[in-house]
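Peer 1: For reference, the file input-v9.cif (mmCIF, C-alpha atoms) is included below:
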data_protein
loop_
_atom_site.label_atom_id
_atom_site.label_comp_id
_atom_site.auth_asym_id
_atom_site.auth_seq_id
_atom_site.Cartn_x
_atom_site.Cartn_y
_atom_site.Cartn_z
CA MET D 1 -11.68 13.93 -4.52
CA PRO D 2 -14.87 16.01 -4.56
CA ALA D 3 -18.11 14.26 -5.46
CA LEU D 4 -19.06 14.37 -9.11
CA GLN D 5 -22.70 15.32 -8.67
CA ALA D 6 -23.43 12.78 -11.38
CA GLY D 7 -26.00 10.59 -9.69
CA PRO D 8 -25.36 7.94 -7.03
CA GLU D 9 -25.52 5.11 -9.60
CA ILE D 10 -22.59 6.58 -11.55
CA GLU D 11 -20.61 7.31 -8.37
CA ARG D 12 -21.08 3.73 -7.23
CA LEU D 13 -20.06 2.34 -10.62
CA ILE D 14 -16.82 4.36 -10.55
CA GLN D 15 -16.12 3.39 -6.96
CA LEU D 16 -16.52 -0.33 -7.68
CA LEU D 17 -14.56 -0.18 -10.95
CA SER D 18 -11.65 1.43 -9.09
CA LYS D 19 -11.35 -1.75 -7.01
CA LEU D 20 -10.37 -3.81 -10.05
CA PRO D 21 -6.65 -4.56 -10.32
CA GLY D 22 -5.00 -2.20 -12.80
CA LEU D 23 -7.64 0.52 -12.45
CA GLY D 24 -7.07 3.53 -10.20
CA PRO D 25 -9.60 6.31 -9.53
CA ARG D 26 -8.73 8.11 -12.78
CA SER D 27 -8.88 5.10 -15.08
CA ALA D 28 -12.03 3.91 -13.30
CA ARG D 29 -13.68 7.21 -14.27
CA ARG D 30 -12.56 6.76 -17.87
CA ALA D 31 -13.85 3.19 -17.89
CA ALA D 32 -17.18 4.27 -16.36
CA LEU D 33 -17.60 7.00 -18.96
CA ALA D 34 -16.81 4.57 -21.78
CA LEU D 35 -19.41 2.19 -20.32
CA LEU D 36 -22.05 4.91 -20.00
CA LYS D 37 -21.49 6.13 -23.54
CA LYS D 38 -21.70 2.61 -24.96
CA ARG D 39 -24.69 1.54 -22.94
CA GLU D 40 -26.09 -0.95 -25.39
CA VAL D 41 -22.90 -2.51 -26.72
CA LEU D 42 -20.82 -2.55 -23.52
CA LEU D 43 -22.54 -1.56 -20.25
CA GLU D 44 -25.56 -3.84 -20.52
CA PRO D 45 -23.70 -6.87 -21.95
CA LEU D 46 -20.97 -6.55 -19.31
CA GLY D 47 -23.52 -6.25 -16.51
CA ASN D 48 -25.26 -9.36 -17.82
CA ALA D 49 -21.95 -11.21 -18.24
CA MET D 50 -21.11 -10.43 -14.61
CA ARG D 51 -24.47 -11.69 -13.42
CA ASP D 52 -24.13 -14.86 -15.50
CA ALA D 53 -20.58 -15.45 -14.25
CA ALA D 54 -21.59 -14.85 -10.63
CA ALA D 55 -24.37 -17.40 -11.01
CA ALA D 56 -22.30 -19.97 -12.88
CA ILE D 57 -18.89 -19.84 -11.22
CA LYS D 58 -17.88 -22.76 -9.01
CA THR D 59 -14.70 -23.79 -7.23
CA CYS D 60 -13.72 -27.27 -8.47
CA GLU D 61 -14.05 -29.71 -5.57
CA VAL D 62 -11.15 -31.80 -6.91
CA CYS D 63 -8.42 -29.30 -7.83
CA GLY D 64 -9.59 -25.88 -6.60
CA ASN D 65 -9.80 -24.36 -10.10
CA LEU D 66 -12.54 -21.82 -10.89
CA ASP D 67 -14.94 -23.02 -13.57
CA THR D 68 -18.61 -23.22 -14.34
CA THR D 69 -18.68 -26.94 -13.54
CA SER D 70 -17.40 -28.96 -10.60
CA PRO D 71 -15.33 -31.06 -11.19
CA CYS D 72 -13.90 -28.48 -13.59
CA SER D 73 -13.44 -29.03 -17.32
CA LEU D 74 -9.74 -29.85 -16.80
CA CYS D 75 -10.40 -32.43 -14.06
CA GLY D 76 -13.21 -33.92 -16.15
CA ASP D 77 -11.16 -34.14 -19.35
CA PRO D 78 -10.32 -37.83 -19.95
CA ARG D 79 -7.52 -36.90 -22.39
CA ARG D 80 -5.49 -35.32 -19.57
CA ASP D 81 -3.01 -37.57 -17.77
CA ALA D 82 -4.23 -38.13 -14.20
CA HIS D 83 -0.86 -39.59 -13.20
CA VAL D 84 0.91 -36.20 -13.26
CA LEU D 85 -0.20 -33.39 -10.94
CA CYS D 86 0.99 -29.81 -11.34
CA VAL D 87 0.61 -27.85 -8.10
CA VAL D 88 0.10 -24.08 -8.54
CA GLU D 89 -0.45 -21.28 -6.03
CA ASP D 90 -3.36 -19.66 -7.76
CA VAL D 91 -5.90 -19.98 -10.57
CA ALA D 92 -4.00 -17.24 -12.43
CA ASP D 93 -0.93 -19.52 -12.55
CA LEU D 94 -3.07 -22.37 -13.88
CA TRP D 95 -4.40 -20.07 -16.61
CA ALA D 96 -0.85 -19.00 -17.48
CA LEU D 97 0.30 -22.61 -17.87
CA GLU D 98 -2.79 -23.47 -19.90
CA ARG D 99 -2.12 -20.53 -22.22
CA ALA D 100 1.39 -21.85 -22.79
CA SER D 101 -0.10 -25.32 -23.54
CA VAL D 102 2.93 -26.99 -21.94
CA PHE D 103 1.19 -29.39 -19.59
CA LYS D 104 -1.28 -32.15 -20.34
CA GLY D 105 -1.75 -33.58 -16.83
CA LYS D 106 -4.06 -32.44 -14.04
CA TYR D 107 -3.69 -29.44 -11.77
CA HIS D 108 -3.99 -28.78 -8.07
CA VAL D 109 -4.61 -25.18 -6.94
CA LEU D 110 -3.28 -24.49 -3.43
CA GLY D 111 -5.16 -21.24 -3.03
CA GLY D 112 -2.17 -19.28 -1.75
CA VAL D 113 1.29 -19.69 -0.24
CA LEU D 114 2.51 -20.12 3.31
CA SER D 115 3.06 -16.70 4.85
CA ALA D 116 3.36 -16.02 8.56
CA LEU D 117 2.78 -12.31 7.93
CA ASP D 118 -0.53 -12.85 6.12
CA GLY D 119 -1.59 -15.61 8.53
CA MET D 120 -1.52 -18.24 5.76
CA THR D 121 -1.00 -21.51 7.63
CA PRO D 122 -0.86 -24.99 5.99
CA GLU D 123 -4.44 -25.59 7.15
CA LYS D 124 -5.68 -22.74 4.97
CA LEU D 125 -4.15 -24.24 1.81
CA ASN D 126 -5.54 -27.23 -0.10
CA VAL D 127 -2.73 -29.48 1.19
CA SER D 128 -4.72 -32.38 2.69
CA THR D 129 -6.68 -32.81 -0.55
CA LEU D 130 -3.36 -32.80 -2.45
CA VAL D 131 -1.93 -35.58 -0.27
CA ALA D 132 -5.17 -37.56 -0.66
CA ARG D 133 -5.07 -37.18 -4.47
CA VAL D 134 -1.40 -38.23 -4.59
CA LYS D 135 -2.12 -41.37 -2.56
CA ASN D 136 -4.83 -42.19 -5.10
CA GLY D 137 -2.35 -43.14 -7.86
CA VAL D 138 -0.13 -40.23 -8.98
CA ASP D 139 3.36 -40.83 -10.41
CA GLU D 140 4.77 -37.30 -10.43
CA VAL D 141 3.99 -34.04 -8.66
CA ILE D 142 5.35 -30.90 -10.33
CA LEU D 143 5.62 -28.02 -7.84
CA ALA D 144 5.04 -24.96 -10.03
CA MET D 145 5.22 -22.37 -7.25
CA ASN D 146 6.36 -18.83 -7.99
CA ALA D 147 10.11 -18.27 -7.56
CA THR D 148 9.52 -16.08 -4.51
CA VAL D 149 10.56 -16.72 -0.90
CA GLU D 150 7.00 -17.66 0.07
CA GLY D 151 6.61 -19.84 -3.01
CA GLN D 152 9.83 -21.73 -2.31
CA THR D 153 8.97 -22.10 1.39
CA THR D 154 5.64 -23.59 0.38
CA ALA D 155 7.37 -25.93 -2.09
CA HIS D 156 9.65 -27.20 0.71
CA TYR D 157 6.68 -27.70 2.99
CA LEU D 158 4.86 -29.67 0.28
CA MET D 159 7.94 -31.82 -0.35
CA ASP D 160 7.94 -32.79 3.34
CA ALA D 161 4.19 -33.42 3.32
CA LEU D 162 4.46 -35.62 0.22
CA GLU D 163 7.53 -37.57 1.37
CA GLN D 164 5.45 -40.29 3.07
CA THR D 165 3.64 -41.03 -0.21
CA GLY D 166 6.92 -41.83 -2.03
CA VAL D 167 5.77 -39.88 -5.10
CA ASN D 168 8.28 -38.39 -7.53
CA VAL D 169 8.42 -34.61 -6.81
CA THR D 170 9.88 -32.14 -9.34
CA ARG D 171 10.01 -28.37 -9.68
CA LEU D 172 10.19 -25.99 -12.66
CA ALA D 173 13.68 -25.15 -13.98
CA HIS D 174 15.24 -21.84 -13.05
CA GLY D 175 17.28 -20.02 -15.71
CA VAL D 176 17.46 -17.21 -18.22
CA PRO D 177 13.95 -16.32 -19.46
CA VAL D 178 13.57 -16.59 -23.25
CA GLY D 179 14.21 -13.13 -24.68
CA GLY D 180 15.96 -12.07 -21.46
CA GLU D 181 19.27 -10.21 -21.44
CA LEU D 182 21.99 -11.37 -19.04
CA ASP D 183 22.81 -7.78 -18.17
CA TYR D 184 19.38 -7.30 -16.60
CA LEU D 185 19.21 -10.58 -14.68
CA ASP D 186 19.83 -10.92 -10.96
CA GLU D 187 22.70 -12.98 -9.54
CA GLY D 188 20.41 -15.74 -8.27
CA THR D 189 18.99 -16.41 -11.74
CA LEU D 190 22.42 -16.30 -13.38
CA SER D 191 23.82 -18.65 -10.75
CA HIS D 192 20.96 -21.13 -11.30
CA ALA D 193 21.34 -20.86 -15.09
CA PHE D 194 25.06 -21.62 -14.85
CA LYS D 195 24.69 -24.55 -12.50
CA ALA D 196 21.92 -26.10 -14.62
CA ARG D 197 23.71 -25.55 -17.97
CA ARG D 198 23.12 -28.19 -20.62
CA ALA D 199 25.03 -29.62 -23.56
CA ILE D 200 23.90 -28.31 -26.95
CA MET W 1 -4.56 -16.66 -27.67
CA PRO W 2 -5.84 -20.20 -27.04
CA ALA W 3 -9.19 -20.63 -25.30
CA LEU W 4 -9.04 -20.97 -21.56
CA GLN W 5 -11.42 -23.92 -21.22
CA ALA W 6 -12.88 -22.06 -18.26
CA GLY W 7 -16.53 -21.91 -19.17
CA PRO W 8 -18.18 -19.60 -21.72
CA GLU W 9 -19.39 -17.21 -19.00
CA ILE W 10 -15.82 -16.53 -17.87
CA GLU W 11 -14.55 -16.19 -21.46
CA ARG W 12 -17.27 -13.67 -22.21
CA LEU W 13 -16.53 -11.70 -19.04
CA ILE W 14 -12.85 -11.43 -20.00
CA GLN W 15 -13.67 -10.52 -23.58
CA LEU W 16 -16.00 -7.68 -22.52
CA LEU W 17 -13.65 -6.41 -19.80
CA SER W 18 -10.85 -6.15 -22.38
CA LYS W 19 -12.96 -3.57 -24.24
CA LEU W 20 -12.70 -1.09 -21.36
CA PRO W 21 -10.18 1.72 -21.89
CA GLY W 22 -6.96 0.95 -20.03
CA LEU W 23 -7.51 -2.81 -19.97
CA GLY W 24 -5.83 -5.09 -22.51
CA PRO W 25 -6.31 -8.87 -22.77
CA ARG W 26 -3.86 -9.57 -19.96
CA SER W 27 -5.21 -7.04 -17.48
CA ALA W 28 -8.77 -8.06 -18.40
CA ARG W 29 -7.90 -11.62 -17.32
CA ARG W 30 -6.46 -10.31 -14.06
CA ALA W 31 -9.56 -8.20 -13.47
CA ALA W 32 -11.86 -11.12 -14.28
CA LEU W 33 -10.01 -13.37 -11.87
CA ALA W 34 -10.18 -10.75 -9.12
CA LEU W 35 -13.91 -10.44 -9.77
CA LEU W 36 -14.47 -14.21 -9.68
CA LYS W 37 -12.51 -14.59 -6.46
CA LYS W 38 -14.42 -11.79 -4.77
CA ARG W 39 -17.82 -12.83 -5.97
CA GLU W 40 -19.82 -11.44 -3.09
CA VAL W 41 -17.95 -8.21 -2.41
CA LEU W 42 -17.06 -7.21 -5.99
CA LEU W 43 -18.56 -9.26 -8.84
CA GLU W 44 -22.19 -9.18 -7.74
CA PRO W 45 -22.18 -5.52 -6.55
CA LEU W 46 -20.47 -4.39 -9.75
CA GLY W 47 -22.91 -6.34 -11.91
CA ASN W 48 -25.80 -4.74 -10.00
CA ALA W 49 -24.19 -1.28 -10.22
CA MET W 50 -23.92 -1.68 -13.99
CA ARG W 51 -27.52 -2.74 -14.30
CA ASP W 52 -28.64 0.19 -12.11
CA ALA W 53 -26.51 2.65 -14.08
CA ALA W 54 -27.77 1.31 -17.42
CA ALA W 55 -31.34 1.77 -16.22
CA ALA W 56 -30.80 5.20 -14.67
CA ILE W 57 -28.45 6.97 -17.06
CA LYS W 58 -29.87 9.77 -19.18
CA THR W 59 -28.40 12.37 -21.51
CA CYS W 60 -29.39 15.83 -20.24
CA GLU W 61 -31.76 17.43 -22.76
CA VAL W 62 -30.42 20.89 -21.91
CA CYS W 63 -26.63 20.54 -21.85
CA GLY W 64 -25.80 17.01 -23.08
CA ASN W 65 -24.27 15.88 -19.77
CA LEU W 66 -24.73 12.29 -18.61
CA ASP W 67 -26.68 12.00 -15.37
CA THR W 68 -29.48 10.06 -13.78
CA THR W 69 -31.89 12.95 -14.22
CA SER W 70 -32.74 15.15 -17.20
CA PRO W 71 -32.24 18.10 -16.90
CA CYS W 72 -29.05 17.01 -15.12
CA SER W 73 -28.16 17.96 -11.54
CA LEU W 74 -25.88 20.75 -12.79
CA CYS W 75 -28.53 22.29 -15.05
CA GLY W 76 -31.10 21.98 -12.27
CA ASP W 77 -28.89 23.54 -9.60
CA PRO W 78 -30.27 27.05 -8.84
CA ARG W 79 -26.96 28.09 -7.20
CA ARG W 80 -25.13 27.83 -10.52
CA ASP W 81 -24.93 30.98 -12.64
CA ALA W 82 -27.05 30.51 -15.77
CA HIS W 83 -25.50 33.60 -17.37
CA VAL W 84 -22.15 31.94 -18.01
CA LEU W 85 -21.90 28.86 -20.27
CA CYS W 86 -18.81 26.70 -20.47
CA VAL W 87 -18.68 24.70 -23.72
CA VAL W 88 -16.77 21.39 -23.51
CA GLU W 89 -16.15 18.67 -26.07
CA ASP W 90 -17.05 15.74 -23.89
CA VAL W 91 -18.56 14.68 -20.57
CA ALA W 92 -15.05 13.70 -19.44
CA ASP W 93 -13.97 17.35 -19.79
CA LEU W 94 -17.00 18.49 -17.79
CA TRP W 95 -16.05 16.02 -15.04
CA ALA W 96 -12.46 17.28 -15.08
CA LEU W 97 -13.59 20.92 -14.65
CA GLU W 98 -16.02 19.90 -11.89
CA ARG W 99 -13.24 18.07 -10.04
CA ALA W 100 -11.15 21.24 -10.18
CA SER W 101 -14.16 23.22 -8.81
CA VAL W 102 -13.16 26.23 -10.89
CA PHE W 103 -16.46 26.98 -12.56
CA LYS W 104 -19.83 27.80 -11.02
CA GLY W 105 -21.85 28.46 -14.18
CA LYS W 106 -23.62 26.01 -16.49
CA TYR W 107 -22.11 23.68 -19.05
CA HIS W 108 -22.81 22.74 -22.64
CA VAL W 109 -21.45 19.41 -23.92
CA LEU W 110 -20.83 19.41 -27.68
CA GLY W 111 -20.49 15.66 -27.93
CA GLY W 112 -17.32 15.77 -30.03
CA VAL W 113 -15.23 18.05 -32.22
CA LEU W 114 -15.34 18.91 -35.90
CA SER W 115 -13.28 16.38 -37.81
CA ALA W 116 -13.53 15.77 -41.54
CA LEU W 117 -11.64 12.49 -41.14
CA ASP W 118 -14.10 11.09 -38.59
CA GLY W 119 -17.10 12.53 -40.43
CA MET W 120 -17.95 14.87 -37.54
CA THR W 121 -19.89 17.70 -39.17
CA PRO W 122 -21.45 20.68 -37.31
CA GLU W 123 -24.86 18.99 -37.58
CA LYS W 124 -23.63 16.09 -35.44
CA LEU W 125 -22.60 18.39 -32.58
CA ASN W 126 -24.98 20.11 -30.15
CA VAL W 127 -24.41 23.50 -31.82
CA SER W 128 -27.98 24.57 -32.58
CA THR W 129 -29.02 23.97 -28.96
CA LEU W 130 -26.00 26.03 -27.86
CA VAL W 131 -27.01 28.98 -30.03
CA ALA W 132 -30.59 28.70 -28.75
CA ARG W 133 -29.41 28.69 -25.12
CA VAL W 134 -27.14 31.69 -25.73
CA LYS W 135 -30.01 33.68 -27.25
CA ASN W 136 -31.98 32.91 -24.11
CA GLY W 137 -29.99 35.29 -21.89
CA VAL W 138 -26.31 34.32 -21.56
CA ASP W 139 -23.60 36.93 -20.90
CA GLU W 140 -20.46 34.91 -21.52
CA VAL W 141 -19.56 31.72 -23.37
CA ILE W 142 -16.27 30.09 -22.33
CA LEU W 143 -14.96 27.79 -25.06
CA ALA W 144 -13.11 25.10 -23.09
CA MET W 145 -12.08 22.96 -26.07
CA ASN W 146 -8.97 20.83 -25.91
CA ALA W 147 -5.84 22.56 -27.22
CA THR W 148 -5.72 20.26 -30.25
CA VAL W 149 -6.12 21.16 -33.92
CA GLU W 150 -9.67 19.76 -33.98
CA GLY W 151 -10.53 21.49 -30.70
CA GLN W 152 -9.31 24.85 -31.93
CA THR W 153 -11.04 24.43 -35.31
CA THR W 154 -14.26 23.72 -33.44
CA ALA W 155 -13.74 26.78 -31.24
CA HIS W 156 -13.34 28.99 -34.33
CA TYR W 157 -16.47 27.51 -35.84
CA LEU W 158 -18.41 28.19 -32.63
CA MET W 159 -17.14 31.78 -32.50
CA ASP W 160 -18.55 32.32 -35.99
CA ALA W 161 -21.81 30.62 -35.08
CA LEU W 162 -22.18 32.75 -31.95
CA GLU W 163 -21.22 36.05 -33.56
CA GLN W 164 -24.81 36.93 -34.51
CA THR W 165 -25.89 36.66 -30.85
CA GLY W 166 -23.38 39.33 -29.75
CA VAL W 167 -22.43 37.27 -26.68
CA ASN W 168 -19.03 37.68 -25.01
CA VAL W 169 -16.90 34.68 -26.09
CA THR W 170 -13.73 33.71 -24.18
CA ARG W 171 -11.33 30.77 -24.23
CA LEU W 172 -9.10 29.15 -21.61
CA ALA W 173 -5.60 30.62 -21.16
CA HIS W 174 -2.65 28.82 -22.74
CA GLY W 175 0.60 28.71 -20.78
CA VAL W 176 2.99 26.71 -18.65
CA PRO W 177 1.07 24.00 -16.73
CA VAL W 178 1.51 24.20 -12.95
CA GLY W 179 4.38 21.88 -12.04
CA GLY W 180 5.60 21.89 -15.66
CA GLU W 181 9.24 22.33 -16.62
CA LEU W 182 10.08 24.73 -19.45
CA ASP W 183 12.61 22.26 -20.81
CA TYR W 184 9.87 19.77 -21.62
CA LEU W 185 7.36 22.20 -23.12
CA ASP W 186 6.78 22.65 -26.83
CA GLU W 187 7.46 25.92 -28.66
CA GLY W 188 3.76 26.70 -29.10
CA THR W 189 3.10 26.61 -25.36
CA LEU W 190 6.21 28.65 -24.56
CA SER W 191 5.30 31.21 -27.21
CA HIS W 192 1.76 31.54 -25.78
CA ALA W 193 3.12 31.78 -22.22
CA PHE W 194 5.51 34.59 -23.23
CA LYS W 195 2.93 36.59 -25.15
CA ALA W 196 0.42 36.32 -22.31
CA ARG W 197 2.91 37.12 -19.53
CA ARG W 198 1.55 39.05 -16.58
CA ALA W 199 2.91 41.50 -14.01
CA ILE W 200 3.56 40.01 -10.59
#
Hey, can you dump this file as C-alpha cells for me?
Peer 2:
Amino acid sequence: MPALQAGPEIERLIQLLSKLPGLGPRSARRAALALLKKREVLLEPLGNAMRDAAAAIKTCEVCGNLDTTSPCSLCGDPRRDAHVLCVVEDVADLWALERASVFKGKYHVLGGVLSALDGMTPEKLNVSTLVARVKNGVDEVILAMNATVEGQTTAHYLMDALEQTGVNVTRLAHGVPVGGELDYLDEGTLSHAFKARRAI
Amino acid sequence: MPALQAGPEIERLIQLLSKLPGLGPRSARRAALALLKKREVLLEPLGNAMRDAAAAIKTCEVCGNLDTTSPCSLCGDPRRDAHVLCVVEDVADLWALERASVFKGKYHVLGGVLSALDGMTPEKLNVSTLVARVKNGVDEVILAMNATVEGQTTAHYLMDALEQTGVNVTRLAHGVPVGGELDYLDEGTLSHAFKARRAI
C-alpha cells in the first residue's frame, strides 16, 4: 500500500489501529478518519481514556483478572462465594460469564491453555496459585475451559493437579446451544447432548 | 448489557472504542482486552499516537484535506499539476484516489454533499473557495463525486456554479467495475457501460 502523504502522525495512528482485533488496514483507515473528524468528541477522549487505562490497569494478584485494583473488584467482593472457584482460560471468558450473570463465586484466570505448538507449558499458566487457593478452603472447582482440544487437554491436566487436594471438580455441560439448530451442529455436540439428556 | 465491574477506566475505554466505525459493543470489548493485555506495545503507543494526532491535525485552508500542515502536503507539492482540480466529497475519497495513484493534480474537498434531509446547503460546502481557486488559473475540474443521487445532484450544482468561469468540467466514467460480473450489476451501470462503449 503506497504511503498516504498525510503526515507521520496520521500514518502511525492508522498503523496502530490496524493492530486491533477486528480492524484490517481498510477499516483502520476508516476508524482513523472518523477519529480525526471528531477530534473533540472522540479522538481526544479516547486518547485520554487509553492513557488513564494504561496507568490504572493491574493484573489481580489473586485470580489473574485485569482490573484497576489488585485484588480485583470480584476477588474483593464479600458477597461472592469464596468456596466455589471457576477456572477460565482468559479474561475475555471471565467477562463473558459475568455478562451472563450465571456465577456468583470467585474466578481464577489461567492466562492461556496448554499448547506444545505455542510453547505454553504448565509453568506458564497460573496453576500453582490455583492449587494454593484450592488448598485454602474451596469446595468446588468449575473448569470452564473452551471446548477445544487445547482447552480439554488443559482441563485434564488441572484435574490431575487438583486430585491431591480432594476438591470437587466439575466442568460445564456440553449440548445444543440455546437457539441452535440440530441440522447445523457437529456430531460431537449432538452425541454429548444425547448422552446427557434429561427428563422434562 | 450489565456493567462489567472492571473499573471505570476500562468501561470508558470500551464505550469510546464502540463508537469507532466497524466496531460494535462486542468487538469493542475484544479490542479493549487486546489493548489492556498489550499495554506496552499497543495501548500506550496508540494513546500517544492519538494525542500526537489530535495536536498535529489541521484542515488544509486551501483544499480542505486533513493533514499535519496547512496548506497540506498535497497542496504544497510543487510536482503536482495546479491546473487540474479534482473535487471530492470527503477526505476518505481523496485518500482512495491517492492510494490508486491515478491523479497528479490538486484536490478540493467539499466536506459533504447537498442533502435537504441532512440540512446540507451549498453554504455548508467549500463551494465558494472552489470557485475562487478555479478563477485563479485552473484548466480542468474533475468532479469525482460518488455515484449516488446526492453526489450527482451536487455535481450538477457545481457545474452550474462553475459555468461562469468557463473552465473545462469533467466527471469520472461510469461502467463495469474491474473484476465485476455483468450478472450482478444494476441496469443503470449496464446502460452507462453500453452507451460509453469503446473500440478495442
Peer 1: Between atom CA of D:Ala100 and atom CA of D:Leu125, what is the distance, to one decimal in Å?
Peer 2: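 Computing the Euclidean distance for atom CA of D:Ala100 and atom CA of D:Leu125 yields 25.3 Å.
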Peer 1: With a distance threshold of 6 Å and counting all atoms listed in the file, extract the residues of chain D near chain W and express them as a PyMOL selection string.
Peer 2: chain D and resi 6-7+9+13+20-21+31+47+49-51+53+67-68
Peer 1: Give me, as an MDAnalysis selection string, all polymer residues having an atom no more than 7 Å from stretch 160-175 of chain W, counting all atoms listed in the file and skipping those fewer than 6 positions away in the same chain.
Peer 2: chainID W and resid 131 135 139:144 189:190 192:193
Peer 1: What gap, in Å, lies between atom CA of D:Gln152 and atom CA of D:Leu117?
Peer 2: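 According to the coordinates, atom CA of D:Gln152 and atom CA of D:Leu117 are separated by 15.6 Å.
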Peer 1: Could you list, as a ChimeraX atom specification, every residue matched by the PyMOL selection byres ((chain W and resi 124) around 9) in this structure?
Peer 2: /W:110-112,114,119-123,125-127
Peer 1: By how many Å are atom CA of D:Gly179 and atom CA of D:Phe194 apart?
Peer 2: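 Atom-to-atom, atom CA of D:Gly179 to atom CA of D:Phe194, that is 16.9 Å.
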Peer 1: Excluding same-chain residues fewer than 2 positions from D:Gly105, what lies within 6 Å of it counting all atoms listed in the file, as JSON, numbers by chain?
Peer 2: {"D": [80, 81, 82, 84, 103]}
